[in-house]
Every structure is written in C-alpha cells, then in structure tokens.
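S.K.: Below you'll find the structure I mean.
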Protein chains: 2
Amino acid sequence: VSTSPGLDTTTVDLDTVIAAASAAAPALAATPPAQRRELLVAIADALDVAAEELVPVAQRESHLTEERLRGELSRTTFQLRLHGDTVAVGAGWPAGGRPDLRRVLVPVGPVLVFAASNFPFAFSVAGGDTAAALAAGAPVVLKAHPGHPELSARTAAIITDALAAHGAPHATFAIIYGERAGRDALLDPRIEAGAFTGSPHGGRALADLAAGRERPIPFYAEMGSVNPVFVTPAAAAARAREIATGYVDSFLLGAGQFCTKPGLLFVPASHREAVLDAAAAAVRERGAAPLLTGAIAAAHARSRSALCSHPGIRAIVGDGDSAGSGGYPDCPPPVLLATELTTLLDDVEAIAAECFGPTSIVVSYRDTGDLHAALGVFTGELSATVHGESDEPLAAELVTAVARFAGRVIWNGWSTGVAVSHAQHHGGPYPAATGVFTSVGTTSIRRFLRPVAYQNVPDALLPAPLRDDNPWGLSRRINH
Amino acid sequence: VSTSPGLDTTTVDLDTVIAAASAAAPALAATPPAQRRELLVAIADALDVAAEELVPVAQRESHLTEERLRGELSRTTFQLRLHGDTVAVGAGWPAGGRPDLRRVLVPVGPVLVFAASNFPFAFSVAGGDTAAALAAGAPVVLKAHPGHPELSARTAAIITDALAAHGAPHATFAIIYGERAGRDALLDPRIEAGAFTGSPHGGRALADLAAGRERPIPFYAEMGSVNPVFVTPAAAAARAREIATGYVDSFLLGAGQFCTKPGLLFVPASHREAVLDAAAAAVRERGAAPLLTGAIAAAHARSRSALCSHPGIRAIVGDGDSAGSGGYPDCPPPVLLATELTTLLDDVEAIAAECFGPTSIVVSYRDTGDLHAALGVFTGELSATVHGESDEPLAAELVTAVARFAGRVIWNGWSTGVAVSHAQHHGGPYPAATGVFTSVGTTSIRRFLRPVAYQNVPDALLPAPLRDDNPWGLSRRINH
C-alpha cells in the first residue's frame, strides 16, 4: 500500500488497508494490557528518539514555533504512556450476581481517526484518539490532515516500525490520505467507530455519514467552541489589568488556533475601558504569526472581515483590512474587537460564533441581569471560565450556570491548555462535541470499548480479565 | 395537561410538558443522591402497594399471565431501588491532577423514553430507562406504548404522586401519548437524550430523527435480536433432549415476545433428529397463547408465513396456516421450523431475521467448518448462547467467536431472563442496539450523565460530590 504523503489513497489501497485492519482486530484485542502498554511505550520512545528529525518537519509544515512543537511532542508521548498505564491497571470490570455474570470491556474493532491540523503531534497521527484506540486494543486507520503530510507520513512510519518491533499484530496501524479516502473509509462496514477533531462543519458532515450508514457507528467529534469568559464586577475591580493580559496571552496562543481559545470576554461596563486599554496594549506588543494552512487563513479572513464590518462591533486593535497578506503562509496581525452585550443578544449567530485564529471580542454588560441573558446564549461549549472572588454570590451562580453548557469550568484561569489526566473532560454538549465522552484524558479510551457480559461461563473459557485468578492483575469490582 | 390514556397528547400540551421538564432539570440535578434514592424507593413502594390494582389492568391490556406480571412488577421495583442505591454510593468520580482538576458526572437534562409493549412493567412506564434517567437526575418525558394505555396512565399517576409526596421538583416525570407526540418530542430542542426498546424498524427511524436534529442528541435504542444458540456435537451427544426442551421453554416464554428469544438453534446434523423429536414433543404440549397487540400479531403472521413458505424450510410442528385466528387477541399456536445451514447461508436476510412471536428455527450443520461460516452471519446480537462441554476445544472457540458480535455470552443456559445487576450488559453492536451502553443493569444510568471537569475551582463553589469533605459520602477516585 502506498503511503506517499500528499498522494491520495486509492480505492484499491483503501480496501487493502481496511481489510488488514479488520483482520488485525481480534489479534490486537487478544493482547494482554501489559503488552498493549509495551506497544504504546514503544511508540512513545520511538517518537522521542526522532524528535530532532520530526520537529523541523513540523515547523516547516505547520509554521508553529520549535518551542511549542517540542512541548507538544512531549505531551504526545506522555499521553501514549499514560493510556498504556491506564489499560494495564484496570480494563476489566466484573461484578457478581445471579446467575454468575461477569462483564468486561472489549475493543470495538477498527477505528477511523481524522487527524487535526492545529496540533501536529497531540491531535494528529500519534495523538489522543490514536493513543486511546490503541490502548483500547482497536486497530487504527488514520486519515492524515493535509496540513502536514510529510510529518504525518514520518510519524506513521515511526508508529508502524515501533509496533512491528514489539510484536503488534500486522496492520494495527495504517495511514490514509485524501478527503475521498476518509469518507469512503467512514462508510466502510468494517470500520466500527470514528473520531474527529476539527470544525463544526466538517465534524457534522462526517457524523451524519456515520449515522446514516446501513449499520451506524459511534462517531466522536470534538468540534471547537467559543469558550466564553465571564468576569464579575468584583474581579474586574480587583485585577482588570491582570485579567486583560491573561486573556490576550490565552487567545493569541498558537495564533488563536486552539479549540479552547477564549472567543468572548464578558466584562462589566464599569471596567470596560480599563480592560480594553490593558488588552490593547498587550495585543500591540504581539507581532503577526503565520496560520497553519491556507484554508484556515482564508476561513479566518472571512469570519474576521464579517465581524469587523458588523455595525455593532468596534475594532480596538487592527481592523478588517489587516486580515492578512493574502499570500501563504498568511500572517494576519492579531485583532481585538469590542461590543456590548445587547448587540450580541441581537445577533447571536454572527457574534457568538467561533472565529478560529487571532481574533477575539470583549463584550461589556451593564448589570448582572444582562449576564443571565448572556448565559442563555450558549448550548454546548468545551469550556467556560469565571473570573470572580470566591465570597461573591454572583461567582457561585456563574460557576453553577456555566456547568449547564460547558464540559470544563475554569476558575480564575484560562481555557487554553488541556491537561492529559484521569479527571480531564474535553467535550461538552453539542456543538462542542458529539456524545458524552471526553476526547482528552484517560476516560477517552472508553469510546473504543464495548461491554460484553459472560453468563455462567466456566473459568477456563472466560477471557483473562474475568478469570478467578485475574492473570492480568486488573482492578475489578466483584460482588458489589 | 391531559393525560387521558389512549388520547393523543396535543401539540400545545406537549409544549407544556417539555417546558416543565426542562424547567425541572436543574432542580432535579441538584438533589443529593440520597434524596434521589428516596424518590426511587418511594416510586417502588407505591407500585408495590398498588400491585393488586395494576396487575389485573396489565393482564387485560397485555394478555400476559398474572404470574408473569407479578414477577415483572417485582423486578421493576427491585430495579428502581437498585438504581437508587447505585447513585447513592458513587456518582462522582474526581481525581487529582495538575491543575487541580475534578470531574463529576451530571445529568444530561430531560430524557424522552419510549415504552415497550412486551414488558408492561419492566420496560414500560416505570421500567429500566425511567429508573436509569431518574437515578441520573434527569426528568423523564415518557411516551406511552399504545398496547397498555390504562396501565400506563395508572403507573404514571403512581410515579407522579410518589415523586410529589417526597419533594421531587415539579415535572420530574410526565407521560405523553401518541406517535406524533413522540416524534415531536424527540425533535424538541429541550429534550437532551432519548431511549427506546422495540423493533429495529422503529428504533432506526427514531435514531435517524435524533441524529438529524439541528442539535443531535444521544439516542439509545435496544432493538431486539435473533439470539443464536450454538450446540456442539459433544453437548448434543450428552444431552440432546434436555437442550431441546430448554430451547422450547425459552423460545415460547411470553409467547416468543422477548427480545432475547432464541430464534435460531444450531445443532449438528448427527443429532438433528433427536433434537427435533424432543423439541417437537415439547412444542406440542404447549397451547396457543395470546399475543400482546394486534400490530404484533399481524407482523408475526407475516414473517411466520414467509418462513413457512420458504422452499428450504420445513415445518416440524405447525405451519403457515396456523399463524392465528385473524381476530384479536390473536392466539397463534407455536411453530417449530427446521432448515440446513447451507440453506440459511444462501438466504441470510430471510432466515436469520428476528421473528417476534412463538416461532423458532432449528438449523443443522454438517461439520465445524460450516459452523464458522454461520458465525460470520451475525453482526450485532443482544446475546449468543453456547451449549458445549468445557474441555472441548470447539466450545472455547465458540465462546471467543460469539463475543465478537454479542453483548452477552451464555454458557449452557438460555438467553431469556436478563438479570438486573451491576455486571449485566443488555446491548450489543448494531442492530442489537445503538451506542456502547447497556439498557439493563446499573451502568445503564451512565447513558443519562455527562462529565464536567472543574479546574482550580474553590472548594466552596464546587458541586457537593467534588468538595473536599465529600458531604454526600460518594465513592471517589482521588489522585490516581
């Protein structure tokens, strides 16, 4: 099978890839967790060894900085090892009952992963979805993002070599290229689940394909967010400048190309000028940074122009004409916008929409009644942030209220930066994500597992996690 | 709001019902688990008290026996109490990390439950989906099954009274009637999840509606199954008669109207006659039993006629003409059919399809190579059963193989009877179910919960399950 970066996978090659992944599924499912951990650690080790080779390719293809990419690669290999540890300590969950009933989570089978562009390591070929599917014991067919074809191919080769060297079943991992191949794979009856990180438009189109199959499959899309930030009057009075600079640092991280970028900062009108002055100064200190791909640059230019030409929105730093060079790589200077809550409420669809790139809007509110109206605007967000004082009744109200639509609630901090841990939740009601699972952190593994209950099956015929002697030493719940 | 049994809920009433459920959601979500358990126990107690009133109504409307219905009601109230216990001991799941990150499962919001006809208690108004959603803290809008309108209305009234008497938020539970109201409710943006037990046709149609919404919601459909049974040559040699009578008892339970009814029994050709003779004798001892509804009787008559007129299928007991009286209640006598594996493999779609009612097919196979071909027929089943000898290599192979498509694997037993317990899994790959969750047992509660992570939120502002002092005394994972 050809894996030339940039060359679309042919229909014939795709069939070969999926047939092999399908054939690999039972063998991979049968690997003990300790061996599965070994495979994940092998991939992590091999990626770390190749850092000097990979990071320059990633820089060239993504226009991100060396420092950012080195950090991201470390996070990526940490994630692979953590997922390995997680399955090695507790994948089974039997419990007694009448009749003898023992339940275990088994891999769903071949998983199709759509890589993202904005994290060339952490949400791409060796990213969270790949780590989770392999940890679950499911073969991965990875649809590469066109934004970094060479890095994708090289990362895939490292994964494939590491898996082969450690005795993984043939075709545990494969990479495919091209939008058509991705769609065809999603419709292939041998694919059992899909995972995606990207735009709401792309995610919904793929989710619809998955749901419309003759045999529908779970499709886990993480589709970005506005990530609203609510600043209370007390917090604004105590630290307007600190909040303003923290906001600018956060929304300009990665040139504003984080799915957790704060797109709206709600501030009391009483402190609007203080916040805007400090934020404007911070934005002016920043230079223009290149965007990841031509498509992202074009989309950003379009949505930014629309915001800048909106009659109710003022440009505080930059304007619609500064959207970029038009060439590629496109390096648009950052833009800070401002509006009033009443304007936003009159045109929610235009103003409270994600603008992926270095643009964000400060929204001022008159009183806390207005704030409650603002809360009603959001239905599904990856995160919501509250800046407040802990003895302030409004702060408690806000923390409770934002949890109704957000997957993660942040206090006096910033939404960019998503720790990979057991307690993480990176998801949220639609349109932040589809389904009730996280795409970051160890419980993301659960997406690629399904339960099987065994009733009165003799010990010798049970799968290892359910045998009385617990040969894999898993954590289990028994008789409770 | 009118809740007259049999009268379809109007559009205006439906809006009132859903608005109220939506308003109830935050209050119900805020109830401590101990209180939620109290509500569930109150419903269970009230139903038990009303048994003498409810069971006769259920008999009249469902044509099931008093004994069966008394048992089913006990299971139903046990389930309510068990789900209450489950949430009271461990709904939260925080774990440490950097930054301070604490994760909790919160209710999704109003859940629309479609009741089934074949278990007027256990999968209807107070059934598993209602118990799971209330245990999760989600208001329930229950779409009644037209097969037992009076029992549905009475059960709903008992639930509503029990909830009110124990301080549940207003509109924690509501009942609606009619197919149109059910569809309209599923499309209502205030409904956050759906659950269904019934036919693949109906389940898929509703799942497509849920997936096609502007804001798609999770839809958990449990859609029935063929529940194949595989008898090895050694098991057939050891106990052909016992297996045959067990099979007949199982497939005729509830007049064959269980989603776990064994629809296909695979036996070695060498023991075909012994199995068929014993099974035929057992079937002949059974009388005709009334089916649940006219629609089910008509559907059964159609699919049974098609099987009986299939050139490769022989009627061992009964035939196509014995499909029923044509009147209602329709009491078709049981029918036992037989065919060969090669015939089945030539026409999988016609023969390996669920025939809901008192009809089942014995399929004989020549050798174990044939059996492997038979295994390839199934993609998603609620259960698969193996009758074998534990030291037989074929038995071990079968147990492993059937777990690839079945949600529950049964050894030397029968698939009818689904224990409500922590370890149960009643689901399976599509078309047995949509999604990766069970619809029976305590983990079914997870369907109506979504995670929220709290980052660096002060203790006083955290929801109770995440506070350092753990005021609700939940089981939690911390720092691991």
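Going by the structure tokens order, chains are called A, B, ..., each with residues numbered from 1, while ligands are numbered from 1 in the order shown.
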List the neighbours of Ser383 (chain A) out to 6 Å using only C-alpha atoms; skip same-chain residues closer than 5 positions along the sequence, and give me the result as a PDB file with N, CA, C and O atoms, in the first residue's frame.

M.R.:
ATOM      1  N   ASN A 227     -15.783  29.205  24.005  1.00  0.00           N
ATOM      2  CA  ASN A 227     -15.117  29.257  25.310  1.00  0.00           C
ATOM      3  C   ASN A 227     -15.279  30.607  26.002  1.00  0.00           C
ATOM      4  O   ASN A 227     -14.304  31.331  26.240  1.00  0.00           O
ATOM      5  N   ALA A 406     -21.144  23.781  29.613  1.00  0.00           N
ATOM      6  CA  ALA A 406     -19.707  23.610  29.366  1.00  0.00           C
ATOM      7  C   ALA A 406     -19.210  22.246  29.829  1.00  0.00           C
ATOM      8  O   ALA A 406     -19.698  21.699  30.807  1.00  0.00           O
ATOM      9  N   GLY A 407     -18.226  21.723  29.134  1.00  0.00           N
ATOM     10  CA  GLY A 407     -17.598  20.470  29.542  1.00  0.00           C
ATOM     11  C   GLY A 407     -16.546  20.663  30.618  1.00  0.00           C
ATOM     12  O   GLY A 407     -16.235  19.744  31.367  1.00  0.00           O
ATOM     13  N   ARG A 408     -15.989  21.881  30.699  1.00  0.00           N
ATOM     14  CA  ARG A 408     -14.972  22.167  31.717  1.00  0.00           C
ATOM     15  C   ARG A 408     -15.203  23.569  32.226  1.00  0.00           C
ATOM     16  O   ARG A 408     -15.449  24.485  31.430  1.00  0.00           O
ATOM     17  N   VAL A 409     -15.141  23.727  33.544  1.00  0.00           N
ATOM     18  CA  VAL A 409     -15.369  25.017  34.185  1.00  0.00           C
ATOM     19  C   VAL A 409     -14.049  25.459  34.819  1.00  0.00           C
ATOM     20  O   VAL A 409     -13.483  24.739  35.636  1.00  0.00           O
TER      21      VAL A 409
END

S.K.: Considering only C-alpha atoms, return as a ChimeraX atom specification whatever protein or nucleic-acid residues lie within 9 Å of region 364-367 of chain A, sequence-local ones (same chain, fewer than 4 positions apart) excluded.

M.R.: /A:265-272,338-342,371,374

S.K.: Between A:Gly256, A:Pro99, A:Gly182, A:Pro169, which is the closest to chain B once you count only C-alpha atoms?

M.R.: A:Pro99

S.K.: Please give the complete set of residues from region 200-242 of chain B that DSSP, run on the backbone, assigns to strand (DSSP E), formatted as an NGL selection string.

M.R.: :B and (219-222 or 229-231)

S.K.: Dump N, CA, C and O atoms for the selected residues as a compact mmCIF listing (two decimals), in the first residue's frame?

M.R.:
# COMPACT_ATOMS: atom_id res chain seq x y z
N PHE B 219 -29.21 8.86 21.26
CA PHE B 219 -30.45 8.09 21.24
C PHE B 219 -30.08 6.62 21.46
O PHE B 219 -29.39 6.02 20.64
N TYR B 220 -30.54 6.07 22.57
CA TYR B 220 -30.17 4.72 22.96
C TYR B 220 -31.31 3.78 22.63
O TYR B 220 -32.30 3.73 23.35
N ALA B 221 -31.17 3.07 21.52
CA ALA B 221 -32.21 2.14 21.09
C ALA B 221 -31.75 0.71 21.36
O ALA B 221 -30.61 0.35 21.06
N GLU B 222 -32.64 -0.08 21.94
CA GLU B 222 -32.41 -1.51 22.11
C GLU B 222 -33.44 -2.17 21.23
O GLU B 222 -34.64 -2.00 21.43
N VAL B 229 -28.20 -19.74 19.13
CA VAL B 229 -27.70 -20.74 20.09
C VAL B 229 -26.89 -21.77 19.31
O VAL B 229 -27.38 -22.30 18.30
N PHE B 230 -25.68 -22.04 19.76
CA PHE B 230 -24.81 -22.99 19.09
C PHE B 230 -24.62 -24.22 19.97
O PHE B 230 -24.10 -24.11 21.09
N VAL B 231 -25.02 -25.36 19.47
CA VAL B 231 -24.88 -26.62 20.21
C VAL B 231 -23.73 -27.41 19.58
O VAL B 231 -23.77 -27.70 18.37

S.K.: Applying 8 Å and only C-alpha atoms, which residues near region 458-469 of chain A remain after dropping the ones on its own chain fewer than 2 positions away? List them as a PyMOL selection string.

M.R.: (chain A and resi 91-92+94+102-104+454+456+471-474) or (chain B and resi 390+396+399-400+411)

S.K.: For the selection just defined, write its residues with all heavy atoms to a file, as a compact mmCIF listing (two decimals), in the first residue's frame.

M.R.:
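So the final result, stored in selection37.txt, reads:
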# COMPACT_ATOMS: atom_id res chain seq x y z
N ALA A 91 -8.78 -2.58 33.06
CA ALA A 91 -9.71 -2.54 31.94
C ALA A 91 -10.96 -3.36 32.21
O ALA A 91 -11.99 -3.10 31.65
CB ALA A 91 -9.03 -3.05 30.67
N GLY A 92 -10.86 -4.34 33.06
CA GLY A 92 -11.99 -5.22 33.31
C GLY A 92 -12.85 -4.69 34.45
O GLY A 92 -12.37 -3.99 35.32
N PRO A 94 -15.62 -6.76 36.24
CA PRO A 94 -16.60 -7.79 36.56
C PRO A 94 -17.29 -7.49 37.88
O PRO A 94 -16.80 -6.71 38.69
CB PRO A 94 -15.77 -9.05 36.68
CG PRO A 94 -14.43 -8.57 37.14
CD PRO A 94 -14.26 -7.17 36.59
N ARG A 102 -20.32 -11.81 34.55
CA ARG A 102 -19.06 -11.08 34.60
C ARG A 102 -18.96 -10.23 33.34
O ARG A 102 -19.14 -10.72 32.24
CB ARG A 102 -17.88 -12.07 34.66
CG ARG A 102 -17.94 -12.97 35.86
CD ARG A 102 -16.91 -14.08 35.80
NE ARG A 102 -17.10 -14.99 36.92
CZ ARG A 102 -16.12 -15.48 37.66
NH1 ARG A 102 -14.85 -15.18 37.40
NH2 ARG A 102 -16.38 -16.29 38.68
N ARG A 103 -18.64 -8.98 33.56
CA ARG A 103 -18.69 -8.01 32.47
C ARG A 103 -17.30 -7.47 32.20
O ARG A 103 -16.57 -7.14 33.13
CB ARG A 103 -19.62 -6.88 32.91
CG ARG A 103 -19.80 -5.74 31.95
CD ARG A 103 -20.83 -4.79 32.58
NE ARG A 103 -21.08 -3.62 31.80
CZ ARG A 103 -20.39 -2.49 31.92
NH1 ARG A 103 -19.40 -2.39 32.78
NH2 ARG A 103 -20.69 -1.46 31.15
N VAL A 104 -16.94 -7.38 30.95
CA VAL A 104 -15.63 -6.87 30.58
C VAL A 104 -15.80 -5.91 29.41
O VAL A 104 -16.77 -6.03 28.65
CB VAL A 104 -14.68 -8.04 30.20
CG1 VAL A 104 -15.14 -8.73 28.92
CG2 VAL A 104 -13.24 -7.57 30.05
N TYR A 454 -20.59 -12.14 30.46
CA TYR A 454 -20.48 -13.59 30.35
C TYR A 454 -21.34 -14.22 31.44
O TYR A 454 -21.16 -13.91 32.61
CB TYR A 454 -19.02 -14.04 30.49
CG TYR A 454 -18.19 -13.69 29.27
CD1 TYR A 454 -17.72 -12.39 29.08
CD2 TYR A 454 -17.90 -14.64 28.31
CE1 TYR A 454 -16.98 -12.06 27.95
CE2 TYR A 454 -17.15 -14.32 27.18
CZ TYR A 454 -16.70 -13.03 27.01
OH TYR A 454 -15.98 -12.70 25.89
N ASN A 456 -22.48 -17.53 33.38
CA ASN A 456 -22.24 -18.93 33.75
C ASN A 456 -21.16 -19.60 32.90
O ASN A 456 -21.19 -20.82 32.73
CB ASN A 456 -23.53 -19.76 33.67
CG ASN A 456 -24.52 -19.37 34.75
OD1 ASN A 456 -24.13 -18.82 35.79
ND2 ASN A 456 -25.79 -19.64 34.53
N PRO A 471 -5.34 -13.16 35.84
CA PRO A 471 -3.95 -13.30 35.41
C PRO A 471 -3.30 -11.97 34.99
O PRO A 471 -2.07 -11.84 35.05
CB PRO A 471 -4.03 -14.26 34.22
CG PRO A 471 -5.45 -14.17 33.74
CD PRO A 471 -6.27 -13.92 34.97
N TRP A 472 -4.10 -11.01 34.56
CA TRP A 472 -3.53 -9.73 34.15
C TRP A 472 -3.46 -8.74 35.31
O TRP A 472 -3.04 -7.60 35.14
CB TRP A 472 -4.33 -9.12 32.99
CG TRP A 472 -4.27 -9.94 31.73
CD1 TRP A 472 -3.47 -11.04 31.49
CD2 TRP A 472 -5.00 -9.71 30.52
NE1 TRP A 472 -3.67 -11.50 30.22
CE2 TRP A 472 -4.61 -10.71 29.59
CE3 TRP A 472 -5.94 -8.76 30.12
CZ2 TRP A 472 -5.14 -10.78 28.30
CZ3 TRP A 472 -6.46 -8.84 28.84
CH2 TRP A 472 -6.06 -9.84 27.94
N GLY A 473 -3.91 -9.15 36.48
CA GLY A 473 -3.82 -8.29 37.65
C GLY A 473 -4.58 -6.98 37.53
O GLY A 473 -4.16 -5.94 38.04
N LEU A 474 -5.73 -7.01 36.88
CA LEU A 474 -6.51 -5.79 36.69
C LEU A 474 -7.30 -5.44 37.95
O LEU A 474 -7.60 -6.30 38.77
CB LEU A 474 -7.50 -5.98 35.54
CG LEU A 474 -6.87 -6.29 34.18
CD1 LEU A 474 -7.95 -6.59 33.15
CD2 LEU A 474 -6.02 -5.12 33.71
N SER B 390 -16.95 -28.27 28.66
CA SER B 390 -15.93 -27.27 28.94
C SER B 390 -14.52 -27.69 28.50
O SER B 390 -13.65 -26.85 28.35
CB SER B 390 -15.95 -26.86 30.40
OG SER B 390 -15.78 -27.99 31.22
N ALA B 396 -14.48 -23.58 23.41
CA ALA B 396 -13.67 -22.40 23.69
C ALA B 396 -13.66 -21.47 22.47
O ALA B 396 -13.80 -20.25 22.60
CB ALA B 396 -12.25 -22.80 24.07
N VAL B 399 -17.05 -19.64 22.25
CA VAL B 399 -17.21 -18.58 23.27
C VAL B 399 -16.45 -17.33 22.83
O VAL B 399 -16.95 -16.20 22.94
CB VAL B 399 -16.75 -19.08 24.65
CG1 VAL B 399 -16.56 -17.92 25.62
CG2 VAL B 399 -17.76 -20.07 25.22
N THR B 400 -15.24 -17.52 22.31
CA THR B 400 -14.46 -16.38 21.83
C THR B 400 -15.12 -15.74 20.62
O THR B 400 -15.23 -14.51 20.52
CB THR B 400 -13.03 -16.84 21.46
OG1 THR B 400 -12.45 -17.43 22.62
CG2 THR B 400 -12.19 -15.67 20.99
N TRP B 411 -23.50 -19.59 28.64
CA TRP B 411 -22.96 -20.95 28.57
C TRP B 411 -23.99 -21.93 29.13
O TRP B 411 -24.44 -21.77 30.27
CB TRP B 411 -21.67 -21.03 29.38
CG TRP B 411 -21.08 -22.42 29.49
CD1 TRP B 411 -21.17 -23.26 30.57
CD2 TRP B 411 -20.32 -23.12 28.50
NE1 TRP B 411 -20.51 -24.42 30.31
CE2 TRP B 411 -19.97 -24.38 29.04
CE3 TRP B 411 -19.89 -22.81 27.20
CZ2 TRP B 411 -19.22 -25.33 28.34
CZ3 TRP B 411 -19.13 -23.74 26.51
CH2 TRP B 411 -18.82 -24.99 27.08

S.K.: Rank nothing, just name the residue among B:Glu354, B:Asp15, B:Asp129, B:Glu397 nearest to chain A, using only C-alpha atoms.

M.R.: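 So, comparing all the options, the nearest one is B:Glu397.
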
S.K.: Give me the residues within 12 Å of Gly287 (chain B) as a PyMOL selection string, counting only C-alpha atoms and dropping any in the same chain fewer than 6 places off.

M.R.: chain B and resi 252+255+318+331-335+358

S.K.: Take the residues just selected and output them with N, CA, C and O atoms as a compact mmCIF listing (two decimals), in the first residue's frame.

M.R.:
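Generated file (selection.txt):
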# COMPACT_ATOMS: atom_id res chain seq x y z
N LEU B 252 -40.56 -20.06 23.78
CA LEU B 252 -42.00 -19.82 23.96
C LEU B 252 -42.32 -18.98 25.20
O LEU B 252 -43.49 -18.71 25.49
N ALA B 255 -44.90 -16.10 25.04
CA ALA B 255 -45.37 -16.33 23.66
C ALA B 255 -44.34 -15.87 22.62
O ALA B 255 -44.69 -15.34 21.56
N GLY B 318 -46.75 -27.39 13.34
CA GLY B 318 -47.49 -26.23 12.86
C GLY B 318 -47.06 -25.86 11.45
O GLY B 318 -46.14 -26.44 10.89
N CYS B 331 -54.25 -15.60 18.96
CA CYS B 331 -53.58 -16.66 19.73
C CYS B 331 -52.95 -17.69 18.80
O CYS B 331 -53.48 -18.80 18.67
N PRO B 332 -51.86 -17.35 18.13
CA PRO B 332 -51.29 -18.31 17.20
C PRO B 332 -50.64 -19.47 17.95
O PRO B 332 -49.93 -19.25 18.93
N PRO B 333 -50.87 -20.72 17.50
CA PRO B 333 -50.17 -21.84 18.13
C PRO B 333 -48.68 -21.75 17.81
O PRO B 333 -48.30 -21.17 16.79
N PRO B 334 -47.83 -22.27 18.68
CA PRO B 334 -46.38 -22.21 18.42
C PRO B 334 -46.00 -23.04 17.19
O PRO B 334 -46.63 -24.05 16.90
N VAL B 335 -44.98 -22.57 16.50
CA VAL B 335 -44.49 -23.26 15.30
C VAL B 335 -43.00 -23.52 15.43
O VAL B 335 -42.23 -22.62 15.81
N PRO B 358 -44.17 -16.70 18.66
CA PRO B 358 -43.89 -18.09 19.03
C PRO B 358 -43.42 -18.96 17.87
O PRO B 358 -44.06 -19.95 17.53

S.K.: So that I can check the surroundings of region 187-203 of chain B, please list as a PyMOL selection string every protein, DNA and RNA residue that reaches within 8 Å of it, counting only C-alpha atoms and ignoring chain neighbours fewer than 5 positions away.

M.R.: chain B and resi 18-19+22+108-116+123+129+209-210+213+215+217-224+431-432+448

S.K.: Could you jot down the CA of Leu163 (chain A) to CA of Pro56 (chain A) separation for me, Å, one decimal place?

M.R.: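 Going from CA of Leu163 (chain A) over to CA of Pro56 (chain A), I get 24.0 Å.
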
S.K.: Between B:Pro233, B:Gly84, B:Gly212, B:Gly71, single out the one closest to chain A, counting only C-alpha atoms.

M.R.: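 Comparing B:Pro233, B:Gly84, B:Gly212, B:Gly71 against chain A, the winner is B:Gly212.
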
S.K.: Could you list, as an MDAnalysis selection string, every residue within 9 Å of Ala156 (chain B), counting only C-alpha atoms and ignoring same-chain residues fewer than 4 positions away?

M.R.: chainID B and resid 125:126 142 151:152 160:161 173:175

S.K.: Taking the backbone alone, and naming residues the way the document does, which bits of region 26-231 of chain B are helix (DSSP H, G or I) by DSSP, as a count of residues only?

M.R.: 105
